[in-house]
Structure formats: C-alpha cells, structure tokens
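*Asks:* For reference, the file run.csv (CSV, C-alpha atoms) is included below:
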chain,number,residue,atom,x,y,z
J,1,MET,CA,10.8,20.0,-48.7
J,2,LYS,CA,8.1,20.5,-46.2
J,3,PRO,CA,9.1,22.3,-43.0
J,4,VAL,CA,9.6,20.1,-40.0
J,5,LEU,CA,10.0,20.6,-36.2
J,6,GLU,CA,11.7,17.4,-34.9
J,7,VAL,CA,12.1,16.6,-31.2
J,8,CYS,CA,14.7,14.1,-29.9
J,9,THR,CA,13.3,11.9,-27.1
J,10,HIS,CA,14.6,8.9,-25.2
J,11,SER,CA,11.6,7.8,-23.2
J,12,VAL,CA,7.9,7.1,-23.7
J,13,GLU,CA,7.0,10.0,-21.4
J,14,SER,CA,9.1,12.4,-23.4
J,15,ALA,CA,7.7,11.2,-26.7
J,16,VAL,CA,4.2,11.8,-25.6
J,17,SER,CA,5.1,15.3,-24.2
J,18,ALA,CA,6.8,16.2,-27.4
J,19,GLU,CA,3.8,15.3,-29.5
J,20,ARG,CA,1.5,17.2,-27.2
J,21,GLY,CA,3.7,20.2,-27.5
J,22,GLY,CA,3.5,20.2,-31.3
J,23,ALA,CA,6.4,18.1,-32.5
J,24,MET,CA,5.9,17.2,-36.1
J,25,ARG,CA,8.4,14.3,-36.0
J,26,LEU,CA,10.3,12.5,-33.3
J,27,GLU,CA,13.9,11.2,-33.3
J,28,LEU,CA,14.0,8.3,-30.8
J,29,CYS,CA,17.2,7.3,-29.1
J,30,ALA,CA,18.6,6.0,-25.8
J,31,ASN,CA,21.1,7.7,-23.5
J,32,LEU,CA,20.4,11.2,-24.7
J,33,MET,CA,22.8,12.6,-22.0
J,34,ILE,CA,25.8,11.1,-23.9
J,35,GLY,CA,24.7,12.2,-27.3
J,36,GLY,CA,22.3,9.3,-28.0
J,37,THR,CA,22.7,5.6,-28.8
J,38,SER,CA,20.4,3.1,-30.4
J,39,PRO,CA,17.1,2.6,-28.5
J,40,ASP,CA,15.6,-0.6,-27.3
J,41,GLU,CA,13.1,-2.3,-29.7
J,42,ASP,CA,10.4,-2.4,-27.0
J,43,LEU,CA,10.9,1.3,-26.4
J,44,PHE,CA,10.2,1.9,-30.1
J,45,ARG,CA,7.1,-0.2,-30.0
J,46,MET,CA,5.7,1.6,-26.9
J,47,VAL,CA,6.4,5.0,-28.5
J,48,ARG,CA,4.7,3.9,-31.7
J,49,GLU,CA,1.6,2.8,-29.7
J,50,ARG,CA,1.3,6.1,-28.0
J,51,VAL,CA,2.2,8.8,-30.6
J,52,SER,CA,0.9,9.4,-34.2
J,53,VAL,CA,3.7,11.6,-35.6
J,54,PRO,CA,6.5,10.0,-37.7
J,55,VAL,CA,9.4,8.4,-35.7
J,56,ARG,CA,12.9,8.2,-37.0
J,57,VAL,CA,15.3,6.0,-35.0
J,58,LEU,CA,18.9,7.0,-34.1
J,59,LEU,CA,21.2,4.1,-34.7
J,60,ARG,CA,24.6,4.5,-33.0
J,61,PRO,CA,26.2,1.4,-31.3
J,62,ARG,CA,28.1,3.5,-28.7
J,63,CYS,CA,29.1,7.0,-27.8
J,64,GLY,CA,32.3,8.5,-29.0
J,65,ASP,CA,33.6,8.8,-32.6
J,66,PHE,CA,31.9,7.5,-35.8
J,67,LEU,CA,34.7,5.2,-36.9
J,68,TYR,CA,33.3,1.7,-36.3
J,69,THR,CA,34.9,-1.7,-36.0
J,70,GLU,CA,33.6,-4.6,-38.1
J,71,SER,CA,31.5,-5.9,-35.2
J,72,GLU,CA,30.1,-2.4,-34.5
J,73,PHE,CA,29.2,-2.0,-38.1
J,74,GLU,CA,27.6,-5.4,-38.2
J,75,LEU,CA,25.5,-4.4,-35.3
J,76,LEU,CA,24.4,-1.2,-37.1
J,77,CYS,CA,23.4,-3.3,-40.1
J,78,ARG,CA,21.3,-5.6,-38.0
J,79,GLN,CA,19.7,-2.6,-36.3
J,80,VAL,CA,18.8,-0.9,-39.5
J,81,LYS,CA,17.1,-4.0,-40.8
J,82,ARG,CA,15.3,-4.6,-37.6
J,83,PHE,CA,13.9,-1.1,-37.1
J,84,ALA,CA,12.9,-0.8,-40.7
J,85,ALA,CA,11.0,-4.0,-40.3
J,86,LEU,CA,9.3,-2.7,-37.2
J,87,GLY,CA,8.0,0.3,-39.1
J,88,ALA,CA,10.4,3.1,-38.4
J,89,ASP,CA,9.7,6.1,-40.6
J,90,GLY,CA,13.4,6.7,-41.0
J,91,ILE,CA,16.8,5.9,-39.7
J,92,VAL,CA,19.4,8.4,-38.3
J,93,ILE,CA,22.9,7.2,-39.1
J,94,GLY,CA,26.5,8.4,-39.8
J,95,VAL,CA,29.8,6.6,-40.5
J,96,LEU,CA,33.1,8.3,-41.1
J,97,THR,CA,36.5,7.1,-42.5
J,98,PRO,CA,39.7,7.6,-40.5
J,99,GLU,CA,40.5,10.6,-42.6
J,100,GLY,CA,37.2,12.3,-41.6
J,101,ASP,CA,35.2,11.8,-44.7
J,102,LEU,CA,31.8,10.3,-45.0
J,103,ASP,CA,32.2,6.5,-45.5
J,104,GLU,CA,30.3,6.2,-48.7
J,105,GLU,CA,30.6,2.4,-49.0
J,106,ARG,CA,29.3,1.7,-45.5
J,107,MET,CA,26.6,4.4,-45.6
J,108,ALA,CA,25.4,2.9,-48.9
J,109,LYS,CA,25.0,-0.5,-47.3
J,110,LEU,CA,23.1,0.8,-44.4
J,111,ILE,CA,20.8,2.8,-46.7
J,112,SER,CA,20.1,-0.3,-48.9
J,113,LEU,CA,19.2,-2.3,-45.7
J,114,ALA,CA,16.7,0.4,-44.7
J,115,GLY,CA,14.3,-0.6,-47.5
J,116,GLY,CA,13.0,2.8,-48.5
J,117,CYS,CA,12.9,4.4,-45.0
J,118,GLY,CA,13.8,8.1,-44.7
J,119,VAL,CA,17.5,8.7,-44.0
J,120,THR,CA,19.0,11.4,-41.8
J,121,LEU,CA,22.7,11.8,-41.6
J,122,HIS,CA,23.3,12.7,-38.0
J,123,ARG,CA,25.9,15.0,-36.4
J,124,ALA,CA,28.8,12.8,-37.6
J,125,PHE,CA,28.5,15.5,-40.3
J,126,ASP,CA,29.6,18.1,-37.8
J,127,VAL,CA,33.0,16.4,-37.2
J,128,CYS,CA,33.7,15.5,-40.8
J,129,ARG,CA,36.7,17.0,-42.6
J,130,ASP,CA,34.9,18.9,-45.4
J,131,PRO,CA,31.1,19.6,-44.9
J,132,PHE,CA,30.5,20.5,-48.6
J,133,ALA,CA,32.2,17.3,-49.8
J,134,ALA,CA,30.1,15.3,-47.3
J,135,LEU,CA,27.0,17.1,-48.5
J,136,GLU,CA,27.7,16.0,-52.1
J,137,THR,CA,28.3,12.4,-50.9
J,138,ALA,CA,25.0,12.5,-49.0
J,139,LYS,CA,23.2,13.6,-52.1
J,140,ARG,CA,24.7,10.7,-54.1
J,141,LEU,CA,23.6,8.3,-51.4
J,142,GLY,CA,20.0,9.5,-51.4
J,143,VAL,CA,20.2,10.9,-47.8
J,144,ASP,CA,17.1,13.2,-47.4
J,145,THR,CA,18.1,15.1,-44.2
J,146,ILE,CA,21.4,16.3,-42.6
J,147,LEU,CA,21.2,17.1,-38.9
J,148,THR,CA,23.9,19.8,-38.2
J,149,SER,CA,24.9,22.6,-36.0
J,150,GLY,CA,27.1,24.1,-38.7
J,151,GLN,CA,30.1,22.2,-37.3
J,152,GLN,CA,30.0,24.2,-34.0
J,153,ALA,CA,29.2,23.4,-30.5
J,154,ASP,CA,25.8,25.1,-30.9
J,155,CYS,CA,23.9,26.1,-34.0
J,156,THR,CA,23.9,29.8,-33.3
J,157,ALA,CA,27.7,29.8,-33.7
J,158,GLY,CA,27.4,27.8,-36.9
J,159,ALA,CA,24.9,30.2,-38.6
J,160,ASP,CA,27.2,31.2,-41.4
J,161,LEU,CA,27.9,27.6,-42.5
J,162,LEU,CA,24.3,26.6,-42.0
J,163,ARG,CA,23.2,29.4,-44.4
J,164,ALA,CA,25.8,28.1,-47.0
J,165,LEU,CA,24.6,24.5,-46.5
J,166,VAL,CA,20.9,25.4,-47.0
J,167,ALA,CA,21.8,27.2,-50.2
J,168,LYS,CA,24.0,24.4,-51.5
J,169,ALA,CA,21.6,21.6,-50.5
J,170,GLY,CA,18.7,23.1,-52.6
J,171,GLU,CA,15.8,20.7,-52.9
J,172,ASP,CA,17.9,17.6,-52.7
J,173,VAL,CA,18.6,17.4,-49.0
J,174,GLN,CA,16.9,19.1,-46.0
J,175,ILE,CA,19.3,20.8,-43.6
J,176,LEU,CA,17.9,20.1,-40.1
J,177,VAL,CA,19.3,22.6,-37.7
J,178,GLY,CA,20.2,21.2,-34.2
J,179,ALA,CA,22.2,21.8,-31.0
J,180,GLY,CA,20.9,24.5,-28.7
J,181,VAL,CA,17.6,25.0,-30.6
J,182,ASN,CA,14.7,26.7,-28.7
J,183,ALA,CA,12.0,29.2,-29.7
J,184,ASP,CA,14.3,32.2,-29.7
J,185,VAL,CA,17.0,30.4,-31.7
J,186,ILE,CA,14.4,29.4,-34.3
J,187,ARG,CA,13.3,33.0,-34.7
J,188,ASP,CA,16.9,34.2,-35.0
J,189,LEU,CA,18.3,31.5,-37.3
J,190,GLN,CA,15.4,31.0,-39.6
J,191,SER,CA,15.8,34.5,-41.0
J,192,LYS,CA,19.6,34.2,-41.1
J,193,THR,CA,19.9,30.8,-42.7
J,194,GLY,CA,16.7,30.2,-44.6
J,195,ALA,CA,16.4,26.8,-42.9
J,196,ASN,CA,12.9,25.3,-42.6
J,197,ALA,CA,13.8,22.3,-40.4
J,198,PHE,CA,14.8,22.4,-36.7
J,199,HIS,CA,15.7,19.7,-34.2
J,200,LEU,CA,15.6,20.1,-30.4
J,201,SER,CA,15.4,18.0,-27.3
J,202,ALA,CA,13.6,20.6,-25.1
J,203,LYS,CA,15.0,18.8,-22.1
J,204,ARG,CA,14.4,19.8,-18.5
J,205,VAL,CA,16.0,18.2,-15.5
J,206,GLU,CA,13.4,16.6,-13.2
J,207,ASN,CA,14.2,15.7,-9.6
J,208,SER,CA,13.9,12.0,-8.7
J,209,ARG,CA,11.0,10.9,-6.6
J,210,MET,CA,13.4,8.9,-4.4
J,211,GLN,CA,13.2,9.8,-0.7
J,212,PHE,CA,16.1,7.7,0.5
J,213,ARG,CA,19.3,8.7,-1.3
J,214,ARG,CA,22.8,7.2,-1.1
J,215,GLU,CA,24.6,10.0,-2.8
J,216,ASN,CA,28.2,8.6,-2.7
J,217,VAL,CA,27.5,5.6,-5.1
J,218,PRO,CA,27.6,6.8,-8.7
J,219,MET,CA,26.2,4.4,-11.3
J,220,GLY,CA,27.3,6.2,-14.5
J,221,LEU,CA,29.5,9.0,-15.8
J,222,PRO,CA,31.2,11.3,-13.3
J,223,GLY,CA,29.2,14.4,-12.7
J,224,LEU,CA,25.8,12.9,-13.7
J,225,SER,CA,23.5,12.7,-10.7
J,226,GLU,CA,21.5,9.5,-10.2
J,227,PHE,CA,18.7,11.7,-8.9
J,228,SER,CA,18.3,14.0,-11.9
J,229,LEU,CA,16.1,12.7,-14.7
J,230,TRP,CA,16.0,14.2,-18.2
J,231,ARG,CA,12.5,14.7,-19.6
J,232,CYS,CA,11.0,16.6,-22.5
J,233,ASP,CA,9.5,19.9,-21.5
J,234,GLU,CA,6.1,20.1,-23.3
J,235,ASN,CA,5.9,23.8,-22.8
J,236,ALA,CA,9.3,24.4,-24.4
J,237,VAL,CA,8.2,22.3,-27.4
J,238,ARG,CA,5.0,24.3,-27.6
J,239,ALA,CA,6.9,27.6,-27.6
J,240,ALA,CA,9.3,26.3,-30.3
J,241,ARG,CA,6.3,25.2,-32.4
J,242,GLU,CA,4.7,28.6,-32.1
J,243,ALA,CA,8.0,30.3,-33.2
J,244,PHE,CA,8.4,27.7,-36.0
J,245,ASP,CA,4.9,28.3,-37.3
J,246,ALA,CA,5.4,32.0,-37.4
J,247,CYS,CA,8.8,31.8,-39.2
J,248,CYS,CA,8.2,28.9,-41.5
J,249,GLY,CA,4.6,29.6,-42.6
J,250,THR,CA,3.1,26.5,-41.0
J,251,GLY,CA,0.1,26.5,-38.8
J,252,GLN,CA,-2.9,24.6,-37.6
J,253,GLU,CA,-3.2,22.7,-40.8
J,254,ALA,CA,0.2,21.1,-40.1
J,255,ARG,CA,-1.1,19.7,-36.8
J,256,THR,CA,-4.0,17.8,-38.4
Let me see the structure of the file written as structure tokens.
*Replies:*
Amino acid sequence: MKPVLEVCTHSVESAVSAERGGAMRLELCANLMIGGTSPDEDLFRMVRERVSVPVRVLLRPRCGDFLYTESEFELLCRQVKRFAALGADGIVIGVLTPEGDLDEERMAKLISLAGGCGVTLHRAFDVCRDPFAALETAKRLGVDTILTSGQQADCTAGADLLRALVAKAGEDVQILVGAGVNADVIRDLQSKTGANAFHLSAKRVENSRMQFRRENVPMGLPGLSEFSLWRCDENAVRAAREAFDACCGTGQEART
C-alpha cells in the first residue's frame, strides 16, 4: 500500500493548516481533546470546500468505550450512510463485544453501509483482547487500515507489537501508527517497525483572544481551560512530512 501521512483535525482552520504542512490525508472528527467523536456534517462540507487531500471521517457517537447500545449503533449506521453520501473518502470506525473482541457482525453492517468508502479500524483496536485475532477479523471484513499505537499509551512504547502487526498484515491491511507521533518518532519507528503510514494531530495550544475572562465558570471537563484552543501546528506537520519523505521514500511527487 502507498505510504500515507494522515493528520487528525477537528476544525476548518486545522484542516487547512494540515494540508499546507504536507498532510497526505485528513481524519476529521469533533472533540479531539476527548479522543474524537463524530463531526458535524457542515464541518465536513466546509473542510471539503477548502482542502484537496482525501478526508476520512471518524464516526464515534460518544467518548468512552466501544460497546454500543442499540440506539448508539443505529446512530452510527445513520452517520456512515450520511457521510458516505456526502463524499467522504473513508470512514473510521470500531465496535467491540463485551468480551473485548472486534464485533464482526456490527462492523460488517457498518462497512456495507459505507458503499465502497475506505475503512479504517480506529483505536478500539488498542483496547481489544487479542490484537492478532482482531487483525484477522479486520482482514475478513475488508478493512484497509488499522490505526494503532501497538496497544500502549503511545506508539513508541508499542514498537514491538507494531513491528509484529506490520509483518502479519502484509499487503492486506495498512498499519497506521498513531498516538504521540511527530517527526522524531517517525524517524525512530519507521526503521524499527517497517511501517509506512503515520497518524498525528500536531496539536498546539493556542491562547484565546478573549480579553474579559471569568475563570471560575467551567463549561466542560475538569482541568480543560475555556481559554486554551487546540489547533493544528502547520510547522509540526511540515517537519513530520519531511521526516516521512526521508524515511518512506516519498517526495515532491507525492504532493502533486
């Protein structure tokens, strides 16, 4: 499979910055600070209008685990159909059973609704019971990409499993290395794992432009400042792209 540098974004501004920095594909989500949830349809439309690289859409009805109720799964099904119809290049999904296995039946239904879109199995894979069994299930389902940190908090710690997964996946599934990726990590892990696909958010914290600030009224999760905004750092993406090109043999032709 062709090498790919994917950047996860949750705003129009970040999507544009990611493409300018050299992202080869975007993953679009909402609520990046809690691991990502399904984005708004109008956000997708606006990003599509402003970038030319492929866009895959993360579809996750809530934060937390990947064991979904009937209504949550119905929502996922509706979202898959909707974003496929809107022209998403791929969907990013993951559903587990209570026992920690990939839910083959539900995944198959979602994939059938995607109508030929690319399919990434997201980091639900990193909390499944048996990564190699999940890999084989993903192959049967026709998943083309697995986003994984090697079942660790960050991909550097998961290097051994990532190497084994790349070898086991072969040409059937692309192992997309994520969690903690930057230029230095790409240089280190590409040689250790043989991976040719990396995923990063390249986030920086941007100070709010608000002048008046009422600090004692939180609107969201404890510890998250209302005056710190997450944005994609174009320079960090550019540095990652330069490292990626050097390690994976891509170059200017991949930008055209």
*Asks:* Using all atoms listed in the file, pick whichever of J:Thr193, J:Thr250, J:Ser149, J:Asn31 has the shortest atom-to-atom distance to J:Val181.
*Replies:*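 Ranked by minimum distance to J:Val181, first place goes to J:Ser149.
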*Asks:* Nearest to J:Ala124 among J:Asp233, J:Asp65, J:Glu70, J:Asp172, with distances taken over only C-alpha atoms: which residue is it?
*Replies:*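 With only C-alpha atoms as the atom set, the closest residue is J:Asp65.
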*Asks:* With all atoms listed in the file counted, which protein, DNA or RNA residues have an atom no more than 9 Å from (21.5, -2.4, -41.3) in the file frame? Please answer as a compact mmCIF listing (two decimals) with C-alpha atoms, in the frame of the given file.
*Replies:*
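Output saved as part_20.txt:
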# COMPACT_ATOMS: atom_id res chain seq x y z
CA PHE J 73 29.20 -2.00 -38.10
CA GLU J 74 27.60 -5.40 -38.20
CA LEU J 75 25.50 -4.40 -35.30
CA LEU J 76 24.40 -1.20 -37.10
CA CYS J 77 23.40 -3.30 -40.10
CA ARG J 78 21.30 -5.60 -38.00
CA GLN J 79 19.70 -2.60 -36.30
CA VAL J 80 18.80 -0.90 -39.50
CA LYS J 81 17.10 -4.00 -40.80
CA ARG J 82 15.30 -4.60 -37.60
CA PHE J 83 13.90 -1.10 -37.10
CA ALA J 84 12.90 -0.80 -40.70
CA LYS J 109 25.00 -0.50 -47.30
CA LEU J 110 23.10 0.80 -44.40
CA ILE J 111 20.80 2.80 -46.70
CA SER J 112 20.10 -0.30 -48.90
CA LEU J 113 19.20 -2.30 -45.70
CA ALA J 114 16.70 0.40 -44.70
*Asks:* Rounded to one decimal, what separation in Å do you get between atom CA of J:Ala169 and atom CA of J:Val4?
*Replies:*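 Atom CA of J:Val4 lies at a distance of 16.0 Å from atom CA of J:Ala169.
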*Asks:* Considering only C-alpha atoms, can you say which of J:Ala164, J:Cys247, J:Cys63, J:Ile34 comes closest to J:Val185?
*Replies:*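 The shortest atom-to-atom distance to J:Val185 comes from J:Cys247.
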*Asks:* Considering only C-alpha atoms, can you say which of J:Gly116, J:Phe132, J:Gly100, J:Met33 comes closest to J:Val205?
*Replies:*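 Answer, going by the shortest atom-to-atom distance: J:Met33.
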*Asks:* Pick from J:Asn207, J:Thr9, J:Asn196, J:Gln151: nearest to J:Val166, with all atoms listed in the file counted?
*Replies:* J:Asn196
*Asks:* Name all residues at most 12 Å from J:Glu104 (count only C-alpha atoms; drop same-chain ones fewer than 6 positions away) and give them as number ranges by chain.
*Replies:* J: 94-97, 110-111, 121, 133-143
*Asks:* Separation of atom CA of J:Val12 and atom CA of J:Glu206, in Å?
*Replies:* 15.2 Å
*Asks:* In Å to one decimal, how far is atom CA of J:Cys248 from atom CA of J:Phe44?
*Replies:* 29.4 Å
*Asks:* Which residue gives the smallest distance to J:Val47 among J:Cys29, J:Met1, J:Leu67, J:Ala153, with all atoms listed in the file counted?
*Replies:* J:Cys29
*Asks:* Give me the residues near J:Ala197 as number ranges by chain, where near means some atom within 8 Å (using all atoms listed in the file) and where sequence neighbours in that chain fewer than 2 positions away do not count.
*Replies:* J: 3-6, 174-177, 195, 199
*Asks:* Could you dump the residues just selected with C-alpha atoms as an mmCIF file, keeping the file's coordinate frame?
*Replies:*
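Saved the output as result06.cif:
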data_model
loop_
_atom_site.group_PDB
_atom_site.id
_atom_site.type_symbol
_atom_site.label_atom_id
_atom_site.label_comp_id
_atom_site.auth_asym_id
_atom_site.auth_seq_id
_atom_site.Cartn_x
_atom_site.Cartn_y
_atom_site.Cartn_z
ATOM 1 C CA PRO J 3 9.100 22.300 -43.000
ATOM 2 C CA VAL J 4 9.600 20.100 -40.000
ATOM 3 C CA LEU J 5 10.000 20.600 -36.200
ATOM 4 C CA GLU J 6 11.700 17.400 -34.900
ATOM 5 C CA GLN J 174 16.900 19.100 -46.000
ATOM 6 C CA ILE J 175 19.300 20.800 -43.600
ATOM 7 C CA LEU J 176 17.900 20.100 -40.100
ATOM 8 C CA VAL J 177 19.300 22.600 -37.700
ATOM 9 C CA ALA J 195 16.400 26.800 -42.900
ATOM 10 C CA HIS J 199 15.700 19.700 -34.200
#
